[in-house]
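A quick write-up on the structure given underneath.
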Amino acid sequence: LQYNSASCFACGLENPSGLRLRFYDNGRDQVFAHFTLDPQHAGYPGIAHGGIVAAILDEVGGRTVMIGDPNRFFVTAHMDLRYRHPVPVNVPLDATGSLLKRRARRTQAHAEIFTDVMGILAEADILFTDIPSKRLDSEQALQNIGWRLYD
């Protein structure tokens, strides 16, 4: 289980408007999430809004940066996203993030949303840049965002 924040739109478990995604990693190079989108996340009836899909891919891909270092924070520098099929709401979905390349301050990852039945629904190749550690390295800064392991 990876850390979550209190208020992040994607992973904030205390954000009433958020997705409240929980992430798990294999300790090496992959991150996983299992979730179901609500009708409030639809752009068209029954179909998730493209921005919601992009946010999920961004977050699950970015979580590869944190494997082994939960306090390594980042921003998205570039995302090449492909919508293959409509992403349904009210259907159990899976997302994976795979670490492709890690350098000193930059990480490349691949992310997918899929189901066993429908296959890959959306995917992205993403480049992340680390936030300088001095911006979020204090205990107070981490407390301010509610960064912790939730049960």
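To be explicit about the labels: the chains of the structure tokens are called A, B, and onward in the order shown, and within each one the residues are counted from 1, while ligands get numbers from 1 in the order they are shown.
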
Which of chain A DSSP labels alpha helix (DSSP H), written as a list in words = Gly50, Gly51, Ile52, Val53, Ala54, Ala55, Ile56, Leu57, Asp58, Glu59, Val60, Gly61, Gly62, Glu139, Gln140, Ala141, Leu142, Gln143 and Asn144 of chain A

Generate the output file for the selected residues, N, CA and C atoms, as a short mmCIF file (atom, residue, chain, number, x, y, z; two decimals), in the first residue's frame.
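What ended up in result_11.cif:
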data_model
loop_
_atom_site.label_atom_id
_atom_site.label_comp_id
_atom_site.auth_asym_id
_atom_site.auth_seq_id
_atom_site.Cartn_x
_atom_site.Cartn_y
_atom_site.Cartn_z
N GLY A 50 -13.11 12.51 -20.17
CA GLY A 50 -11.72 12.34 -20.59
C GLY A 50 -10.71 12.94 -19.63
N GLY A 51 -11.07 14.03 -18.97
CA GLY A 51 -10.17 14.64 -18.00
C GLY A 51 -9.99 13.77 -16.77
N ILE A 52 -11.03 13.06 -16.38
CA ILE A 52 -10.94 12.12 -15.26
C ILE A 52 -10.01 10.97 -15.64
N VAL A 53 -10.17 10.46 -16.84
CA VAL A 53 -9.31 9.39 -17.34
C VAL A 53 -7.85 9.86 -17.34
N ALA A 54 -7.61 11.06 -17.83
CA ALA A 54 -6.24 11.61 -17.85
C ALA A 54 -5.68 11.73 -16.44
N ALA A 55 -6.49 12.18 -15.50
CA ALA A 55 -6.02 12.33 -14.11
C ALA A 55 -5.62 10.97 -13.53
N ILE A 56 -6.39 9.94 -13.80
CA ILE A 56 -6.07 8.61 -13.28
C ILE A 56 -4.76 8.10 -13.88
N LEU A 57 -4.61 8.24 -15.19
CA LEU A 57 -3.37 7.80 -15.84
C LEU A 57 -2.17 8.58 -15.31
N ASP A 58 -2.34 9.87 -15.14
CA ASP A 58 -1.27 10.72 -14.61
C ASP A 58 -0.87 10.25 -13.21
N GLU A 59 -1.85 9.98 -12.38
CA GLU A 59 -1.56 9.60 -10.99
C GLU A 59 -0.94 8.20 -10.89
N VAL A 60 -1.48 7.23 -11.59
CA VAL A 60 -0.93 5.88 -11.49
C VAL A 60 0.46 5.81 -12.12
N GLY A 61 0.67 6.56 -13.19
CA GLY A 61 2.01 6.63 -13.77
C GLY A 61 2.98 7.32 -12.83
N GLY A 62 2.53 8.41 -12.24
CA GLY A 62 3.38 9.15 -11.32
C GLY A 62 3.73 8.39 -10.07
N GLU A 139 8.65 17.82 7.93
CA GLU A 139 7.53 17.08 8.51
C GLU A 139 6.25 17.91 8.47
N GLN A 140 6.38 19.22 8.67
CA GLN A 140 5.22 20.10 8.66
C GLN A 140 4.57 20.15 7.27
N ALA A 141 5.39 20.21 6.23
CA ALA A 141 4.85 20.23 4.86
C ALA A 141 4.07 18.95 4.57
N LEU A 142 4.59 17.82 5.01
CA LEU A 142 3.90 16.55 4.79
C LEU A 142 2.61 16.47 5.60
N GLN A 143 2.62 17.01 6.80
CA GLN A 143 1.40 17.05 7.61
C GLN A 143 0.35 17.95 6.97
N ASN A 144 0.80 19.05 6.36
CA ASN A 144 -0.14 19.99 5.73
C ASN A 144 -0.94 19.36 4.60
#

Mind checking which residues fall within 10 Å of Arg102 in chain A, counting only C-alpha atoms, ignoring those fewer than 4 positions away in the same chain, and posting them as a list in words?
->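 Neighbouring residues, sequence-local ones excluded: Thr64, Val65, Arg106, Thr107, Gln108, Ala109, Leu127 and Phe128 of chain A.
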
Tell me which of A:Tyr150, A:Ile145, A:Tyr83, A:Ile120 sits closest to Ser7 in chain A, counting only C-alpha atoms.
->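 Comparing A:Tyr150, A:Ile145, A:Tyr83, A:Ile120 against Ser7 in chain A, the winner is A:Ile145.
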
Name the closest residue to Leu100 in chain A among the candidates A:Asn4, A:Ser17, A:Thr115, A:Gln30; distances are taken between atoms, counting only C-alpha atoms.
->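 The shortest atom-to-atom distance to Leu100 in chain A comes from A:Gln30.
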
Kindly indicate which residue among A:Pro86, A:Pro70, A:Gly146, A:Gly97 lies nearest to Gly43 in chain A, using only C-alpha atoms for the distances.
->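 With only C-alpha atoms as the atom set, the closest residue is A:Pro86.
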
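Closest approach to Arg148 in chain A among A:Asn15, A:Asn26, A:Asn71, A:Thr129: A:Asn71, based on only C-alpha atoms.
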
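With only C-alpha atoms taken into account, the protein and nucleic acid residues at most 9 Å from Asp25 in chain A (excluding it and anything under 6 positions from it in its own chain) are A:Leu1, A:Gln2, A:Val31, A:Phe32, A:Ala33, A:Arg63, A:Thr64, A:Ile67.
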
The selected residues should be written to file as a PDB file, in the first residue's frame (atoms: N, CA and C atoms).
ATOM      1  N   LEU A   1       0.848  -1.185   0.000  1.00  0.00           N
ATOM      2  CA  LEU A   1       0.000   0.000   0.000  1.00  0.00           C
ATOM      3  C   LEU A   1       0.887   1.239   0.000  1.00  0.00           C
ATOM      4  N   GLN A   2       0.595   2.196  -0.884  1.00  0.00           N
ATOM      5  CA  GLN A   2       1.344   3.447  -0.914  1.00  0.00           C
ATOM      6  C   GLN A   2       0.652   4.509  -0.064  1.00  0.00           C
ATOM      7  N   VAL A  31       2.944  -0.166 -10.324  1.00  0.00           N
ATOM      8  CA  VAL A  31       1.941   0.318  -9.378  1.00  0.00           C
ATOM      9  C   VAL A  31       0.576  -0.133  -9.889  1.00  0.00           C
ATOM     10  N   PHE A  32      -0.322  -0.460  -8.961  1.00  0.00           N
ATOM     11  CA  PHE A  32      -1.640  -0.978  -9.316  1.00  0.00           C
ATOM     12  C   PHE A  32      -2.726  -0.227  -8.562  1.00  0.00           C
ATOM     13  N   ALA A  33      -3.890  -0.109  -9.176  1.00  0.00           N
ATOM     14  CA  ALA A  33      -5.075   0.440  -8.501  1.00  0.00           C
ATOM     15  C   ALA A  33      -6.298  -0.278  -9.059  1.00  0.00           C
ATOM     16  N   ARG A  63       2.865   7.508  -9.658  1.00  0.00           N
ATOM     17  CA  ARG A  63       3.149   6.723  -8.455  1.00  0.00           C
ATOM     18  C   ARG A  63       4.354   5.808  -8.637  1.00  0.00           C
ATOM     19  N   THR A  64       4.770   5.540  -9.884  1.00  0.00           N
ATOM     20  CA  THR A  64       5.991   4.760 -10.088  1.00  0.00           C
ATOM     21  C   THR A  64       7.205   5.520  -9.567  1.00  0.00           C
ATOM     22  N   ILE A  67       7.961   4.572  -5.856  1.00  0.00           N
ATOM     23  CA  ILE A  67       8.309   3.215  -5.435  1.00  0.00           C
ATOM     24  C   ILE A  67       9.622   3.273  -4.664  1.00  0.00           C
TER      25      ILE A  67
END

Apply DSSP to the backbone of this structure and, from range 29-149 of chain A, keep only the residues in strand (DSSP E or B); write these as a VMD selection string.
-> chain A and resid 30 to 36 42 to 44 47 to 48 74 to 83 88 92 to 102 106 to 115 119 to 130 148

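Residues within 7 Å of Thr36 in chain A, counting only C-alpha atoms and excluding same-chain residues fewer than 4 positions away, are Val89, Asn90, Val91, Pro92 and Leu93 of chain A.
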
Output for the residues just chosen: C-alpha atoms as a tab-separated table (two decimals), in the first residue's frame:
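File written: out-v4.tsv
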chain	number	residue	atom	x	y	z
A	89	VAL	CA	-18.63	4.30	-15.10
A	90	ASN	CA	-20.14	1.82	-12.60
A	91	VAL	CA	-17.79	-0.92	-13.85
A	92	PRO	CA	-14.79	-2.27	-11.88
A	93	LEU	CA	-11.60	-1.00	-13.54

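Compared by their closest atoms to Arg82 in chain A, and using only C-alpha atoms, the residues A:Lys101, A:Ala122, A:Thr96, A:Phe23 rank with A:Ala122 nearest.
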
Have a look at A:Ala48, A:Leu21, A:Ala111, A:Ile131 and name the one nearest to Thr76 in chain A; count only C-alpha atoms.
->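 Of A:Ala48, A:Leu21, A:Ala111, A:Ile131, the one nearest Thr76 in chain A, counting only C-alpha atoms, is A:Ile131.
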
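The environment of Gly18 in chain A within 7 Å, counting only C-alpha atoms and disregarding residues fewer than 4 places along the same chain, consists of Phe9, Ala10 and Gly12 of chain A.
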
Separation of CA of Ala124 in chain A from CA of Asp80 in chain A in Å = 5.4 Å
